[in-house]
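To start, the structure itself, in structure tokens.
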Amino acid sequence: MDSANAAALGSPEMEKFLCELLLDSTQPISERFRALFSLRNLKGPAPRNALILATRDSSNLLAHEAAFALGQMQESEAVPALASLLNDLSLHPIVRHEAAEALGAIGSQGNLPLLKNSLDSDPAPEVRETCELALQRIHHAGNTDDSSSTDVSPFKSVDPAAPATSGSSVGELRDVLLDEEKGMYERYAALFALRNEGGNEAVAAIVDSLGSKSALLRHEVAYVLGQLQNKAASAALSNILRDVNEHPMVRHEAAEALGSIADDQSVALLEEFTADPEPLVSQSCQVALSMLEFEQSGKSFEFLFMRTPAVH
């Protein structure tokens with residue numbers, strides 16, 4: 001983003017417009033996601049508070065994405081709201097999971113008791129596994145002299161685990177990733193090392209891990225395949241999206257990954273599943289198709305230029 005665009009995006013009028021659009025449940029989910037992705041680039045109380053409010057949205061997809069954004073922004077002032085999400089068992093597990101991951105991304109030692117409590121008490125395995133990851137991420141960050149290991153990745157994401165740095169081969173990393181006896185942090189570290197390695201062999205190893213027993217790991221694998229945008233993963237991701245017995249959080253990530261890969265078969269499948277009865281899946285397909293439409297038109301999905309705010 002150049003300085004002119006940044007200034008326009010950061011203007012009070014645009015900031016107000018984006019916050020209102022994010023929280024307007026009458027607007028299409030894709031437009032609300034455009035606002036969310038734009039607010040993620042801003043700092044300050046208004047964007048942060050709008051994202052915090054969005055974590056309680058009736059759309060679980062939007063709510064979890066808002067929690068994810070707060071973690072990626074490493075908004076320490078959002079910790080009380082994220083803690084409230086994590087402790088609220090009435091919320092969908094995907095929202096509690098994302099709150100736990102965000103607390104890990106923010107990385108404060110003060111988050112440890114919150115995460116330990118949910119590790120012991122949350123009924124959803126995907127939430128407990130996320131707490132385990134977040135605890136180890138904070139521990140790792142506090143016990144390493146290599147600050148780059150927990151910095152933003154080459155893919156501009158704050159990852160739930162630092163990539164394995166032992167110089168392991170792709171085959172050795174694959175073995176760790178597929179080993180059901182290994183801890184979740186170690187398997188995630190292998191996954192991110194394979195992602196950073198790239199190449200056909202690494203992608204094949206990542207695809208193989210879609211058979212993991214852990215829905216949490218499967219969903220992260222789908223997310224990583226979306227980051228890599230390798231067409232070799234299309235068939236496996238398509239099978240996940242079609243599988244109505246798969247965990248919704250895994251199908252949601254598969255849909256978004258297919259939008260990133262964007263071959264003809266993927267697009268046709270996304271169009272088909274915009275009518276899926278699971279909102280996490282149908283809304284993911286809608287957002288993925290909208291993002292793809294903007295990309296193919298040469299425009300940014302985010303709001304980069306000043307525009308006249310909608311009249312409410």
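In the structure tokens, the first chain shown is A, the next is B, and so on; residue numbers restart at 1 for each chain, and ligands run from 1 in the order shown.
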>> Can you pull out the residues contacting stretch 83-93 of chain A? Cut-off 9 Å, using only C-alpha atoms, and skip same-chain residues under 6 positions away; I want them as a ChimeraX atom specification.
In response: /A:55-56,60,67,99-100,103,111,114-115,117-118,122-124,126-127
>> So, with only C-alpha atoms as the atoms that count, which of A:Ser169, A:Ser76, A:Ser25, A:Ser260 lies closest to A:Ala288?
In response: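 Closest to A:Ala288, using only C-alpha atoms: A:Ser260.
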> Quick one, how far is atom CA of A:Leu241 from atom CA of A:Leu51?
Replying inline: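 Calculated distance between atom CA of A:Leu241 and atom CA of A:Leu51 is 27.9 Å.
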>> Could you pull out the alpha helix (DSSP H) residues of stretch 124-177 of chain A, going by DSSP on the backbone, and write them as a list of chain:residue names?
In response: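 Filtering stretch 124-177 of chain A down to alpha helix (DSSP H) leaves A:Pro125, A:Glu126, A:Val127, A:Arg128, A:Glu129, A:Thr130, A:Cys131, A:Glu132, A:Leu133, A:Ala134, A:Leu135, A:Gln136, A:Arg137, A:Ile138, A:His139, A:His140, A:Ala141, A:Gly142, A:Val170, A:Gly171, A:Glu172, A:Leu173, A:Arg174, A:Asp175, A:Val176, A:Leu177.
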Given only C-alpha atoms, how would the per-residue table for stretch 40-76 of chain A near stretch 269-281 of chain A read, listing every residue at most 12 Å away with its closest atom pair and distance in Å to one decimal, sorted by chain and number, as a tab-separated table?
```
residue	atom	partner	partner_atom	distance
A:Ser58	CA	A:Pro279	CA	10.6
A:Ser59	CA	A:Pro279	CA	7.8
A:Asn60	CA	A:Leu280	CA	6.8
A:Leu61	CA	A:Leu280	CA	5.5
A:Leu62	CA	A:Leu280	CA	9.1
A:Ala63	CA	A:Leu280	CA	10.7
A:His64	CA	A:Leu280	CA	10.1
A:Glu65	CA	A:Leu280	CA	11.2
```
Go ahead and save the picked residues with N, CA, C and O atoms, as a JSON list (two decimals), in the first residue's frame.
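The new file out_16.json reads:
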```json
[["chain", "number", "residue", "atom", "x", "y", "z"],
["A", 58, "SER", "N", -23.32, -12.61, 14.85],
["A", 58, "SER", "CA", -24.10, -13.84, 14.66],
["A", 58, "SER", "C", -23.49, -14.76, 13.61],
["A", 58, "SER", "O", -23.76, -15.97, 13.60],
["A", 59, "SER", "N", -22.65, -14.20, 12.72],
["A", 59, "SER", "CA", -21.92, -15.03, 11.77],
["A", 59, "SER", "C", -20.67, -15.57, 12.45],
["A", 59, "SER", "O", -19.75, -14.81, 12.79],
["A", 60, "ASN", "N", -20.62, -16.88, 12.68],
["A", 60, "ASN", "CA", -19.43, -17.47, 13.29],
["A", 60, "ASN", "C", -18.20, -17.27, 12.43],
["A", 60, "ASN", "O", -17.08, -17.15, 12.95],
["A", 61, "LEU", "N", -18.39, -17.24, 11.12],
["A", 61, "LEU", "CA", -17.25, -17.03, 10.22],
["A", 61, "LEU", "C", -16.65, -15.64, 10.45],
["A", 61, "LEU", "O", -15.44, -15.50, 10.59],
["A", 62, "LEU", "N", -17.50, -14.62, 10.48],
["A", 62, "LEU", "CA", -17.01, -13.26, 10.70],
["A", 62, "LEU", "C", -16.43, -13.12, 12.10],
["A", 62, "LEU", "O", -15.38, -12.49, 12.28],
["A", 63, "ALA", "N", -17.11, -13.68, 13.09],
["A", 63, "ALA", "CA", -16.64, -13.57, 14.47],
["A", 63, "ALA", "C", -15.26, -14.18, 14.64],
["A", 63, "ALA", "O", -14.37, -13.59, 15.27],
["A", 64, "HIS", "N", -15.06, -15.36, 14.06],
["A", 64, "HIS", "CA", -13.75, -16.00, 14.22],
["A", 64, "HIS", "C", -12.69, -15.24, 13.45],
["A", 64, "HIS", "O", -11.54, -15.13, 13.89],
["A", 65, "GLU", "N", -13.04, -14.66, 12.31],
["A", 65, "GLU", "CA", -12.06, -13.90, 11.53],
["A", 65, "GLU", "C", -11.67, -12.62, 12.25],
["A", 65, "GLU", "O", -10.51, -12.19, 12.17]]
```
> Within 12 Å of A:His247, counting only C-alpha atoms, which residues qualify if same-chain residues fewer than 3 places away don't, as a ChimeraX atom specification?
Replying inline: /A:93-94,124-126,213-219,240-244,250-254,278,280-281
> Using only C-alpha atoms, which of A:Ala50, A:Gln109, A:Asp175, A:Leu82 sits nearest A:Leu36?
Replying inline: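 Result for the nearest residue to A:Leu36: A:Ala50.
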> So which one's closest to A:Ser212, A:Lys182, A:Pro12, A:Asn49, A:Asp159? Using only C-alpha atoms, please.
Replying inline: A:Lys182
